[in-house]
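Asker: Structure file work-v4.tsv (TSV, C-alpha atoms) right here:
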chain	number	residue	atom	x	y	z
A	131	MET	CA	45.77	-194.44	2.88
A	132	ILE	CA	42.14	-194.06	1.71
A	133	SER	CA	40.93	-193.54	5.25
A	134	PHE	CA	43.69	-190.92	5.73
A	135	PHE	CA	42.43	-188.94	2.72
A	136	LEU	CA	38.81	-189.38	3.83
A	137	GLY	CA	39.81	-188.00	7.24
A	138	LEU	CA	41.51	-184.99	5.63
A	139	LEU	CA	38.41	-184.35	3.49
A	140	ILE	CA	36.16	-184.43	6.56
A	141	ILE	CA	38.45	-182.04	8.48
A	142	PHE	CA	38.69	-179.69	5.47
A	143	GLY	CA	34.91	-179.82	4.97
A	144	CYS	CA	34.26	-179.04	8.63
A	145	SER	CA	36.62	-176.06	8.65
A	146	GLU	CA	35.01	-174.71	5.44
A	147	ASN	CA	31.56	-175.06	7.03
A	148	LYS	CA	32.82	-173.25	10.13
A	149	LYS	CA	34.24	-170.47	7.96
A	150	LYS	CA	30.94	-170.15	6.05
A	151	LYS	CA	29.01	-170.11	9.33
A	152	GLN	CA	31.30	-167.41	10.74
A	153	GLU	CA	30.98	-165.41	7.51
A	154	ALA	CA	27.18	-165.60	7.74
A	155	THR	CA	27.26	-164.16	11.26
A	156	ARG	CA	29.67	-161.33	10.44
A	157	TRP	CA	28.38	-157.78	10.29
A	158	LYS	CA	28.64	-156.14	6.86
A	159	PHE	CA	28.44	-152.40	6.15
A	160	SER	CA	25.20	-151.44	4.51
A	161	LYS	CA	24.89	-147.63	4.43
A	162	GLU	CA	25.31	-144.38	6.31
A	163	ILE	CA	22.37	-142.30	7.49
A	164	PRO	CA	23.27	-138.59	7.73
A	165	LEU	CA	21.76	-136.75	10.69
A	166	GLU	CA	20.34	-133.23	10.71
A	167	ASN	CA	22.77	-131.38	12.95
A	168	ILE	CA	22.62	-133.94	15.77
A	169	SER	CA	25.61	-134.85	18.00
A	170	PRO	CA	24.46	-138.25	19.24
A	171	ILE	CA	25.65	-140.01	22.38
A	172	GLY	CA	22.95	-142.64	23.00
A	173	ILE	CA	20.61	-144.62	20.74
A	174	VAL	CA	17.62	-146.89	21.29
A	175	ALA	CA	15.09	-148.33	18.84
A	176	GLU	CA	11.33	-148.20	19.05
A	177	GLY	CA	9.58	-149.97	16.18
A	178	ASN	CA	10.65	-148.34	12.93
A	179	PHE	CA	12.07	-145.31	14.72
A	180	LEU	CA	15.27	-144.48	16.53
A	181	TRP	CA	15.64	-142.25	19.58
A	182	LEU	CA	18.90	-140.34	20.00
A	183	SER	CA	20.30	-138.19	22.78
A	184	ASP	CA	21.63	-134.99	21.21
A	185	VAL	CA	24.03	-133.90	23.94
A	186	ASP	CA	25.21	-130.64	22.37
A	187	LYS	CA	21.65	-129.37	21.96
A	188	ASN	CA	20.29	-130.81	25.21
A	189	ARG	CA	17.48	-132.72	23.53
A	190	ILE	CA	16.13	-136.19	22.79
A	191	VAL	CA	15.30	-136.71	19.14
A	192	LYS	CA	13.08	-139.29	17.44
A	193	ILE	CA	14.07	-140.00	13.84
A	194	ASP	CA	12.87	-142.29	11.10
A	195	LEU	CA	15.18	-144.78	9.39
A	196	ASP	CA	16.20	-142.12	6.83
A	197	GLY	CA	17.42	-139.82	9.60
A	198	LYS	CA	14.49	-137.40	9.37
A	199	ILE	CA	13.52	-135.83	12.69
A	200	ILE	CA	9.96	-136.84	13.62
A	201	GLU	CA	9.81	-135.15	17.02
A	202	PHE	CA	12.08	-133.96	19.79
A	203	PHE	CA	12.03	-133.07	23.47
A	204	ASP	CA	14.39	-130.34	24.63
A	205	GLY	CA	15.38	-128.79	27.94
A	206	PHE	CA	17.52	-131.73	29.11
A	207	GLN	CA	20.85	-131.13	30.83
A	208	ARG	CA	23.42	-133.00	28.72
A	209	PRO	CA	21.51	-136.24	28.04
A	210	MET	CA	23.85	-139.22	27.63
A	211	HIS	CA	23.36	-143.01	27.07
A	212	ILE	CA	19.59	-143.55	27.04
A	213	ALA	CA	17.57	-146.75	27.60
A	214	ILE	CA	14.10	-147.93	26.60
A	215	GLN	CA	11.62	-150.24	28.27
A	216	GLU	CA	8.17	-150.70	26.76
A	217	ASP	CA	7.22	-147.16	25.75
A	218	LYS	CA	9.36	-145.34	28.30
A	219	ILE	CA	12.62	-143.62	27.33
A	220	TYR	CA	15.05	-143.27	30.24
A	221	VAL	CA	17.32	-140.24	29.93
A	222	PRO	CA	20.30	-139.80	32.27
A	223	GLU	CA	21.26	-136.15	32.73
A	224	TYR	CA	24.97	-135.62	33.15
A	225	ILE	CA	24.67	-132.15	34.70
A	226	SER	CA	21.70	-132.56	37.05
A	227	ASP	CA	22.62	-136.11	38.22
A	228	THR	CA	19.05	-137.25	37.68
A	229	VAL	CA	17.24	-139.61	35.31
A	230	LYS	CA	14.27	-138.33	33.35
A	231	ILE	CA	11.56	-140.52	31.80
A	232	ILE	CA	9.74	-139.64	28.60
A	233	GLU	CA	6.42	-141.47	28.46
A	234	LYS	CA	3.67	-140.60	25.99
A	235	GLY	CA	5.13	-137.13	25.50
A	236	ILE	CA	5.34	-136.35	29.22
A	237	VAL	CA	8.68	-135.94	31.01
A	238	SER	CA	9.01	-137.05	34.64
A	239	THR	CA	11.90	-137.71	37.02
A	240	LEU	CA	13.02	-141.13	38.26
A	241	GLU	CA	14.01	-140.92	41.92
A	242	LEU	CA	17.36	-142.63	42.54
A	243	LYS	CA	18.23	-143.79	46.04
A	244	GLU	CA	21.95	-143.11	45.75
A	245	ASN	CA	23.53	-139.81	44.69
A	246	ALA	CA	25.65	-139.86	41.55
A	247	ASP	CA	28.12	-137.40	40.05
A	248	ALA	CA	27.55	-137.18	36.28
A	249	ILE	CA	25.31	-140.04	35.10
A	250	ALA	CA	26.71	-141.16	31.77
A	251	GLY	CA	24.43	-144.11	31.06
A	252	ILE	CA	21.47	-146.14	32.27
A	253	ALA	CA	20.21	-149.70	31.79
A	254	VAL	CA	16.73	-150.87	32.73
A	255	ASP	CA	15.49	-154.44	33.22
A	256	VAL	CA	11.94	-154.62	34.61
A	257	ASN	CA	12.41	-153.08	38.08
A	258	THR	CA	16.21	-153.10	38.06
A	259	PHE	CA	18.12	-149.94	37.17
A	260	ALA	CA	21.85	-149.62	36.66
A	261	VAL	CA	23.47	-146.20	36.21
A	262	ALA	CA	27.04	-145.35	35.23
A	263	ASP	CA	28.28	-142.91	37.89
A	264	PHE	CA	31.12	-141.33	35.87
A	265	TYR	CA	32.98	-139.21	38.43
A	266	ASN	CA	32.57	-141.72	41.27
A	267	HIS	CA	33.96	-144.52	39.06
A	268	ARG	CA	31.16	-146.97	39.87
A	269	ILE	CA	27.85	-148.46	38.83
A	270	ILE	CA	24.82	-147.93	41.03
A	271	LEU	CA	22.46	-150.89	40.83
A	272	GLU	CA	18.97	-150.43	42.20
A	273	GLN	CA	16.65	-153.43	42.57
A	274	GLU	CA	13.39	-152.43	44.25
A	275	ASP	CA	14.63	-151.06	47.62
A	276	LYS	CA	18.08	-152.65	47.42
A	277	VAL	CA	21.10	-150.61	46.30
A	278	THR	CA	24.31	-152.37	45.25
A	279	ILE	CA	27.51	-150.57	44.29
A	280	LEU	CA	29.60	-152.18	41.55
A	281	GLY	CA	33.27	-151.28	41.28
A	282	LYS	CA	35.43	-148.54	42.70
A	283	GLU	CA	38.12	-146.27	41.25
A	284	GLY	CA	41.09	-148.23	39.94
A	285	HIS	CA	42.57	-150.28	37.16
A	286	ASN	CA	42.45	-153.86	38.48
A	287	ASP	CA	39.79	-156.55	38.00
A	288	GLY	CA	36.45	-155.25	39.27
A	289	GLU	CA	37.68	-151.64	39.44
A	290	LEU	CA	36.46	-148.90	37.14
A	291	TYR	CA	37.88	-145.71	35.66
A	292	TYR	CA	35.26	-143.28	34.32
A	293	PRO	CA	32.49	-145.71	33.26
A	294	THR	CA	30.27	-144.29	30.53
A	295	ASP	CA	27.70	-146.97	29.65
A	296	VAL	CA	26.01	-149.99	31.19
A	297	ALA	CA	23.80	-152.89	30.07
A	298	ILE	CA	21.88	-155.65	31.87
A	299	LYS	CA	21.56	-159.08	30.27
A	300	ASN	CA	20.70	-162.45	31.84
A	301	ASP	CA	21.37	-161.26	35.40
A	302	LEU	CA	24.77	-159.84	34.45
A	303	ILE	CA	25.83	-156.19	34.36
A	304	TYR	CA	28.08	-155.14	31.46
A	305	VAL	CA	30.04	-151.91	31.91
A	306	ALA	CA	31.81	-149.73	29.34
A	307	ASP	CA	34.87	-149.04	31.49
A	308	ALA	CA	35.80	-146.11	29.24
A	309	TYR	CA	39.22	-144.96	30.42
A	310	ASN	CA	40.37	-148.42	31.48
A	311	ASN	CA	39.93	-149.17	27.77
A	312	ARG	CA	37.80	-152.29	28.25
A	313	ALA	CA	34.40	-153.65	29.23
A	314	GLN	CA	33.77	-155.47	32.50
A	315	VAL	CA	31.08	-157.88	33.63
A	316	PHE	CA	29.64	-158.08	37.15
A	317	ASP	CA	26.88	-160.20	38.70
A	318	LEU	CA	23.87	-158.71	40.47
A	319	LYS	CA	25.65	-158.94	43.81
A	320	GLY	CA	28.45	-156.75	42.54
A	321	ASN	CA	30.98	-159.54	42.11
A	322	TYR	CA	33.48	-159.23	39.26
A	323	VAL	CA	32.83	-161.88	36.59
A	324	ARG	CA	35.08	-161.19	33.60
A	325	MET	CA	36.95	-158.67	31.48
A	326	ILE	CA	36.29	-158.05	27.77
A	327	GLY	CA	38.52	-156.32	25.22
A	328	LEU	CA	41.76	-156.25	27.13
A	329	ASN	CA	43.92	-157.44	24.22
A	330	GLU	CA	42.60	-155.19	21.49
A	331	ASN	CA	44.16	-151.86	22.56
A	332	ILE	CA	40.83	-150.11	22.85
A	333	LYS	CA	41.44	-146.36	23.18
A	334	VAL	CA	38.19	-145.28	24.88
A	335	ALA	CA	35.40	-147.83	25.44
A	336	THR	CA	32.56	-145.32	25.35
A	337	GLY	CA	29.46	-147.41	24.69
A	338	LEU	CA	28.27	-151.00	24.53
A	339	LYS	CA	25.40	-153.21	23.45
A	340	VAL	CA	24.74	-156.75	24.63
A	341	THR	CA	22.57	-159.18	22.65
A	342	ASP	CA	21.75	-162.86	23.34
A	343	THR	CA	25.06	-163.88	21.76
A	344	GLN	CA	27.32	-160.84	21.41
A	345	VAL	CA	28.91	-157.94	23.26
A	346	ILE	CA	29.63	-154.97	21.00
A	347	ILE	CA	31.93	-152.18	22.16
A	348	ALA	CA	32.29	-148.68	20.64
A	349	ASP	CA	35.90	-147.45	20.67
A	350	PHE	CA	35.40	-143.66	20.50
A	351	GLU	CA	38.98	-142.60	19.86
A	352	GLY	CA	39.99	-145.72	17.96
A	353	ASN	CA	37.06	-145.22	15.54
A	354	ARG	CA	36.23	-148.91	15.74
A	355	ILE	CA	33.52	-151.33	16.77
A	356	LEU	CA	34.65	-154.54	18.44
A	357	ILE	CA	32.40	-157.59	18.54
A	358	TYR	CA	32.84	-160.38	21.10
A	359	ASP	CA	30.90	-163.44	22.17
A	360	LEU	CA	29.43	-163.39	25.67
A	361	ASN	CA	32.60	-164.98	27.07
A	362	GLY	CA	34.76	-162.19	25.69
A	363	ASN	CA	36.20	-164.03	22.68
A	364	LEU	CA	36.84	-161.61	19.83
A	365	LEU	CA	34.64	-162.27	16.77
A	366	GLN	CA	35.09	-159.21	14.57
A	367	ILE	CA	36.56	-155.72	14.45
A	368	ILE	CA	35.06	-153.09	12.14
A	369	SER	CA	36.96	-149.89	11.39
A	370	ASP	CA	37.06	-147.19	8.69
A	371	LYS	CA	33.32	-146.61	8.89
A	372	PHE	CA	33.15	-144.41	11.96
A	373	ASN	CA	33.80	-140.89	13.21
A	374	GLN	CA	33.89	-141.05	17.01
A	375	PRO	CA	31.32	-143.82	17.60
A	376	THR	CA	29.53	-143.59	20.94
A	377	ASP	CA	26.75	-146.19	21.02
A	378	ILE	CA	25.18	-149.16	19.28
A	379	GLU	CA	21.63	-150.42	18.79
A	380	ILE	CA	20.60	-153.72	17.22
A	381	VAL	CA	17.21	-154.55	15.74
A	382	SER	CA	17.01	-158.18	14.52
A	383	ASN	CA	19.80	-158.40	11.89
A	384	THR	CA	20.54	-154.68	11.62
A	385	MET	CA	23.12	-152.84	13.69
A	386	TYR	CA	23.07	-149.03	14.06
A	387	VAL	CA	26.24	-147.28	15.23
A	388	ILE	CA	26.03	-143.56	15.99
A	389	ASN	CA	28.92	-141.20	15.22
A	390	TYR	CA	29.23	-138.22	17.56
A	391	ASN	CA	31.59	-136.18	15.44
A	392	GLY	CA	30.36	-137.47	12.11
A	393	SER	CA	26.73	-136.68	13.01
A	394	SER	CA	25.60	-139.85	11.27
A	395	ILE	CA	24.55	-143.45	11.78
A	396	SER	CA	26.55	-146.31	10.26
A	397	VAL	CA	24.26	-149.23	9.41
A	398	PHE	CA	25.36	-152.87	9.25
A	399	ASN	CA	23.56	-156.10	8.37
A	400	LYS	CA	24.26	-159.77	8.92
B	113	MET	CA	1.63	-87.01	0.92
B	114	LYS	CA	5.37	-86.29	0.54
B	115	ASN	CA	5.34	-84.90	4.07
B	116	ILE	CA	3.85	-88.13	5.45
B	117	PHE	CA	6.65	-90.13	3.81
B	118	LYS	CA	9.25	-87.72	5.16
B	119	GLN	CA	7.80	-87.86	8.68
B	120	THR	CA	7.59	-91.69	8.59
B	121	GLY	CA	11.20	-91.88	7.36
B	122	VAL	CA	12.39	-89.63	10.16
B	123	LEU	CA	10.45	-91.67	12.73
B	124	VAL	CA	11.95	-94.93	11.42
B	125	LEU	CA	15.44	-93.43	11.59
B	126	ILE	CA	14.86	-92.22	15.17
B	127	LEU	CA	13.54	-95.68	16.11
B	128	LEU	CA	16.54	-97.47	14.58
B	129	PHE	CA	18.95	-95.05	16.26
B	130	SER	CA	17.23	-95.59	19.63
B	131	MET	CA	17.39	-99.39	19.25
B	132	ALA	CA	21.08	-99.24	18.36
B	133	SER	CA	21.74	-96.99	21.36
B	134	ILE	CA	19.83	-99.31	23.72
B	135	THR	CA	21.82	-102.33	22.41
B	136	THR	CA	25.09	-100.44	22.93
B	137	ILE	CA	24.05	-99.34	26.42
B	138	ASN	CA	23.02	-102.94	27.27
B	139	ALA	CA	26.35	-104.27	25.99
B	140	GLN	CA	28.18	-101.60	28.00
B	141	THR	CA	26.12	-102.45	31.11
B	142	ASN	CA	26.88	-106.15	30.62
B	143	ASP	CA	30.57	-105.42	30.14
B	144	GLN	CA	30.52	-103.33	33.32
B	145	LYS	CA	28.95	-106.21	35.30
B	146	LEU	CA	30.66	-109.20	33.69
B	147	THR	CA	34.09	-110.65	33.14
B	148	TYR	CA	34.90	-113.09	30.37
B	149	VAL	CA	37.28	-116.02	30.79
B	150	LYS	CA	38.73	-118.31	28.15
B	151	VAL	CA	40.22	-121.58	29.41
B	152	GLU	CA	42.29	-123.71	27.08
B	153	VAL	CA	42.30	-127.33	28.19
B	154	LYS	CA	44.41	-130.28	27.10
B	155	GLY	CA	42.63	-133.63	26.64
B	156	LEU	CA	39.13	-132.29	26.18
B	157	ALA	CA	38.55	-134.68	23.30
B	158	CYS	CA	35.41	-136.56	24.32
B	159	PRO	CA	31.98	-135.18	25.22
B	160	PHE	CA	32.05	-136.95	28.59
B	161	CYS	CA	35.22	-135.03	29.46
B	162	ALA	CA	34.02	-131.72	28.04
B	163	TYR	CA	30.62	-131.77	29.67
B	164	GLY	CA	32.15	-133.11	32.87
B	165	LEU	CA	34.28	-129.99	33.04
B	166	GLU	CA	31.21	-127.89	32.25
B	167	LYS	CA	29.46	-129.56	35.21
B	168	LYS	CA	32.33	-128.78	37.58
B	169	LEU	CA	32.66	-125.16	36.41
B	170	LYS	CA	28.90	-124.59	36.73
B	171	ASP	CA	29.23	-125.16	40.47
B	172	LEU	CA	31.55	-122.15	40.66
B	173	ASP	CA	29.97	-119.16	42.41
B	174	GLY	CA	29.12	-116.25	40.11
B	175	VAL	CA	29.09	-118.09	36.78
B	176	GLU	CA	26.55	-116.54	34.43
B	177	SER	CA	27.11	-118.85	31.45
B	178	ILE	CA	29.49	-121.49	30.04
B	179	LYS	CA	30.18	-122.43	26.46
B	180	ILE	CA	32.34	-125.37	25.45
B	181	ASP	CA	34.14	-125.90	22.17
B	182	VAL	CA	34.92	-129.64	22.35
B	183	GLU	CA	36.82	-129.67	19.06
B	184	GLU	CA	39.17	-126.80	19.99
B	185	GLY	CA	39.43	-127.75	23.68
B	186	LEU	CA	38.19	-124.34	24.81
B	187	VAL	CA	35.86	-123.32	27.60
B	188	TYR	CA	34.34	-119.83	27.66
B	189	LEU	CA	33.02	-118.58	30.97
B	190	THR	CA	31.01	-115.45	31.65
B	191	VAL	CA	31.21	-114.52	35.34
B	192	PHE	CA	29.98	-111.63	37.43
B	193	LYS	CA	32.82	-109.17	38.10
B	194	SER	CA	31.93	-109.09	41.79
B	195	LYS	CA	32.63	-112.83	41.98
B	196	LYS	CA	35.53	-113.05	39.56
B	197	PRO	CA	37.33	-116.35	40.32
B	198	LEU	CA	41.05	-116.51	40.97
B	199	LYS	CA	43.16	-118.08	38.25
B	200	GLU	CA	44.42	-120.64	40.78
B	201	LYS	CA	40.86	-121.68	41.63
B	202	LEU	CA	40.03	-122.24	37.96
B	203	GLU	CA	43.24	-124.21	37.53
B	204	LYS	CA	42.28	-126.44	40.47
B	205	ILE	CA	38.78	-127.12	39.08
B	206	VAL	CA	40.23	-128.05	35.69
B	207	THR	CA	42.89	-130.26	37.29
B	208	ASP	CA	40.39	-131.94	39.65
B	209	ALA	CA	38.17	-132.71	36.66
B	210	GLY	CA	41.08	-134.67	35.21
B	211	PHE	CA	42.56	-132.17	32.74
B	212	THR	CA	45.55	-129.90	32.32
B	213	PRO	CA	44.84	-126.20	31.78
B	214	SER	CA	47.09	-124.79	29.03
B	215	SER	CA	46.07	-121.17	29.47
B	216	ILE	CA	43.50	-119.06	31.29
B	217	VAL	CA	42.75	-115.61	29.86
B	218	PHE	CA	40.56	-112.97	31.52
B	219	SER	CA	38.99	-110.25	29.38
B	220	LYS	CA	36.71	-107.26	29.84
B	221	LYS	CA	35.20	-107.91	26.42
B	222	SER	CA	33.43	-111.10	25.38
B	223	PHE	CA	35.32	-113.57	23.21
B	224	THR	CA	34.19	-114.37	19.70
B	225	LEU	CA	33.19	-118.00	19.54
B	226	LYS	CA	33.80	-120.11	16.46
B	227	ASP	CA	30.09	-120.63	15.65
B	228	GLU	CA	29.40	-116.93	16.09
B	229	ASN	CA	31.73	-115.96	13.24
Would it be possible to restate this file's structure as structure tokens?
Answerer:
Amino acid sequence: MISFFLGLLIIFGCSENKKKKQEATRWKFSKEIPLENISPIGIVAEGNFLWLSDVDKNRIVKIDLDGKIIEFFDGFQRPMHIAIQEDKIYVPEYISDTVKIIEKGIVSTLELKENADAIAGIAVDVNTFAVADFYNHRIILEQEDKVTILGKEGHNDGELYYPTDVAIKNDLIYVADAYNNRAQVFDLKGNYVRMIGLNENIKVATGLKVTDTQVIIADFEGNRILIYDLNGNLLQIISDKFNQPTDIEIVSNTMYVINYNGSSISVFNK
Amino acid sequence: MKNIFKQTGVLVLILLFSMASITTINAQTNDQKLTYVKVEVKGLACPFCAYGLEKKLKDLDGVESIKIDVEEGLVYLTVFKSKKPLKEKLEKIVTDAGFTPSSIVFSKKSFTLKDEN
């Protein structure tokens, strides 16, 4: 009898510890940063500053953590989901089908080997580039001279329907498969690996962020953020804090979610 | 001294009148050269959709400018009269871009956009 109660105590203790651990890793709303007339689609962090693509005004804006505009570069043609590597900002242009690079205040063009039709997002990992080719329903992966095509139009495993964002992490390619209402994972050879978010009724999976432990998806029409582990197990859903969220950036224990319609940034902490 | 004021006043009035006339003439010239089209589109909710449609319409021959109202689902086109597109062609572009056109209205005068009010 004593050992039975001891066993129960151990099980109860373990589950409490697990709960506490989970609670400690949950994202909690901290504040909202209003933006000065910016309609953001993409966000990346650089030190204590954030870079945003302001699609309606065709510009890339650098703001401080209070939302104040520090500098901006205009003349882009509908800039979408941007990426950063070292001090280079990669800007995909939806209208011109090219990628621009902002480096030390100078804008240049990245030559892509494959033609795209409306580049909605870009991911960069050393010399590997992945772009979301919206109207061709695919991801173009460029590694040095090698070009690999990920996905084709459709709704089955490994098929895409208007992809809008892409991320590279640990030799895997994560895709915001926007109008299939999910995220998909491919390997560098273009093989389908897994599906994420299929059971949560995502309305439009517009943007995503991948960390060492989590995949975070922005549900634009559902006004939600969905957080999964790398295997696609749901960890947390956050709602009520967004107005058409399009992208996510994470800096250590702070998560920034940009709101296209709300013209603001929702900030969360762990 | 009074005369100088009078003369300056007259000159200013002439200048203002000339500027107003030039603006009116320019507007008339533009209206003679251009046609204005308002396309109402269903499902234009997200910026990827809206600017995708903008991209497809920009490829149309004779388009002078495009303005999109994402919130209202409206696309305003300014096209050269000599290259005025057929309604059917516009419908096809909208449909091929993945949307349903609710209405397409041609006008000789420019439309008043929401943010211009």
Asker: For range 187-193 of chain A, list every protein, DNA or RNA residue within 7 Å, evaluated using all atoms listed in the file, and leave out those in the same chain fewer than 3 positions away; present the list as a list in words.
Answerer: Phe179, Leu180, Trp181, Leu182, Ser183, Asp184, Gly197, Lys198, Ile199, Ile200, Glu201, Phe202, Phe203, Asp204, Gly205, Phe206, Gln207, Arg208 and Pro209 of chain A
Asker: What's the 7 Å shell around Ile205 in chain B, counting all atoms listed in the file, without same-chain residues fewer than 4 positions away, as a count of residues only?
Answerer: 4
Asker: Taking all atoms listed in the file into account and nothing else, which residues of chain A lie no more than 10 Å away from chain B? Please answer as a CSV table (one decimal) with C-alpha atoms, keeping the file's coordinate frame.
Answerer:
chain,number,residue,atom,x,y,z
A,169,SER,CA,25.6,-134.8,18.0
A,171,ILE,CA,25.6,-140.0,22.4
A,185,VAL,CA,24.0,-133.9,23.9
A,186,ASP,CA,25.2,-130.6,22.4
A,207,GLN,CA,20.8,-131.1,30.8
A,208,ARG,CA,23.4,-133.0,28.7
A,210,MET,CA,23.8,-139.2,27.6
A,224,TYR,CA,25.0,-135.6,33.2
A,225,ILE,CA,24.7,-132.2,34.7
A,226,SER,CA,21.7,-132.6,37.0
A,227,ASP,CA,22.6,-136.1,38.2
A,247,ASP,CA,28.1,-137.4,40.0
A,248,ALA,CA,27.6,-137.2,36.3
A,249,ILE,CA,25.3,-140.0,35.1
A,250,ALA,CA,26.7,-141.2,31.8
A,264,PHE,CA,31.1,-141.3,35.9
A,265,TYR,CA,33.0,-139.2,38.4
A,292,TYR,CA,35.3,-143.3,34.3
A,293,PRO,CA,32.5,-145.7,33.3
A,294,THR,CA,30.3,-144.3,30.5
A,308,ALA,CA,35.8,-146.1,29.2
A,334,VAL,CA,38.2,-145.3,24.9
A,336,THR,CA,32.6,-145.3,25.4
A,350,PHE,CA,35.4,-143.7,20.5
A,351,GLU,CA,39.0,-142.6,19.9
A,374,GLN,CA,33.9,-141.0,17.0
A,376,THR,CA,29.5,-143.6,20.9
A,390,TYR,CA,29.2,-138.2,17.6
A,391,ASN,CA,31.6,-136.2,15.4
Asker: For Ile216 in chain B, please output as a list in words all residues within 8 Å (counting only C-alpha atoms; exclusion window: fewer than 2 positions along the same chain).
Answerer: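 The neighbour list is Val149, Lys150, Val151, Glu152, Lys199, Pro213, Ser214 and Phe218 of chain B.
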Asker: Taking all atoms of range 144-163 of chain B that the file lists, what box with edges along x, y and z, padded by 6 Å per side, do you get, with centre and edge lengths in Å to one decimal, as AutoDock Vina command-line options?
Answerer:
--center_x 36.7 --center_y -120.1 --center_z 29.3 --size_x 27.5 --size_y 45.6 --size_z 24.0
Asker: Please compute the CA of Tyr188 in chain B-CA of Asp208 in chain B distance, one decimal, in Å.
Answerer: 18.1 Å
Asker: How many Å separate CA of Ile168 in chain A from CA of Ser394 in chain A?
Answerer: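 Straight-line distance from CA of Ile168 in chain A to CA of Ser394 in chain A works out to 8.0 Å.
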Asker: With all atoms listed in the file as the counted atoms, please give the residues lying no more than 6 Å from range 175-179 of chain B, apart from itself and same-chain residues fewer than 6 positions off, as a count of residues only.
Answerer: 5
Asker: Name the residues in contact with Val296 in chain A at a cut-off of 6 Å, using all atoms listed in the file, excluding same-chain residues fewer than 5 positions from it; report them as an MDAnalysis selection string.
Answerer: chainID A and resid 253 304:305
Asker: Of the candidates B:Leu186, B:Thr212, B:Gly174, B:Thr224, which one gets nearest to Leu198 in chain B if we count all atoms listed in the file?
Answerer: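 Among the listed residues, the smallest separation from Leu198 in chain B belongs to B:Gly174.
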Asker: For the atom pair CA of Lys282 in chain A and CA of Arg268 in chain A, what is the interatomic distance in Å to one decimal place?
Answerer: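 Distance reported for this atom pair: 5.4 Å.
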Asker: Which is closer to Thr341 in chain A than all the others in A:Ala213, A:Ala297, A:Val237, A:Val387, using all atoms listed in the file?
Answerer: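 Using all atoms listed in the file, Thr341 in chain A sits closest to A:Ala297.
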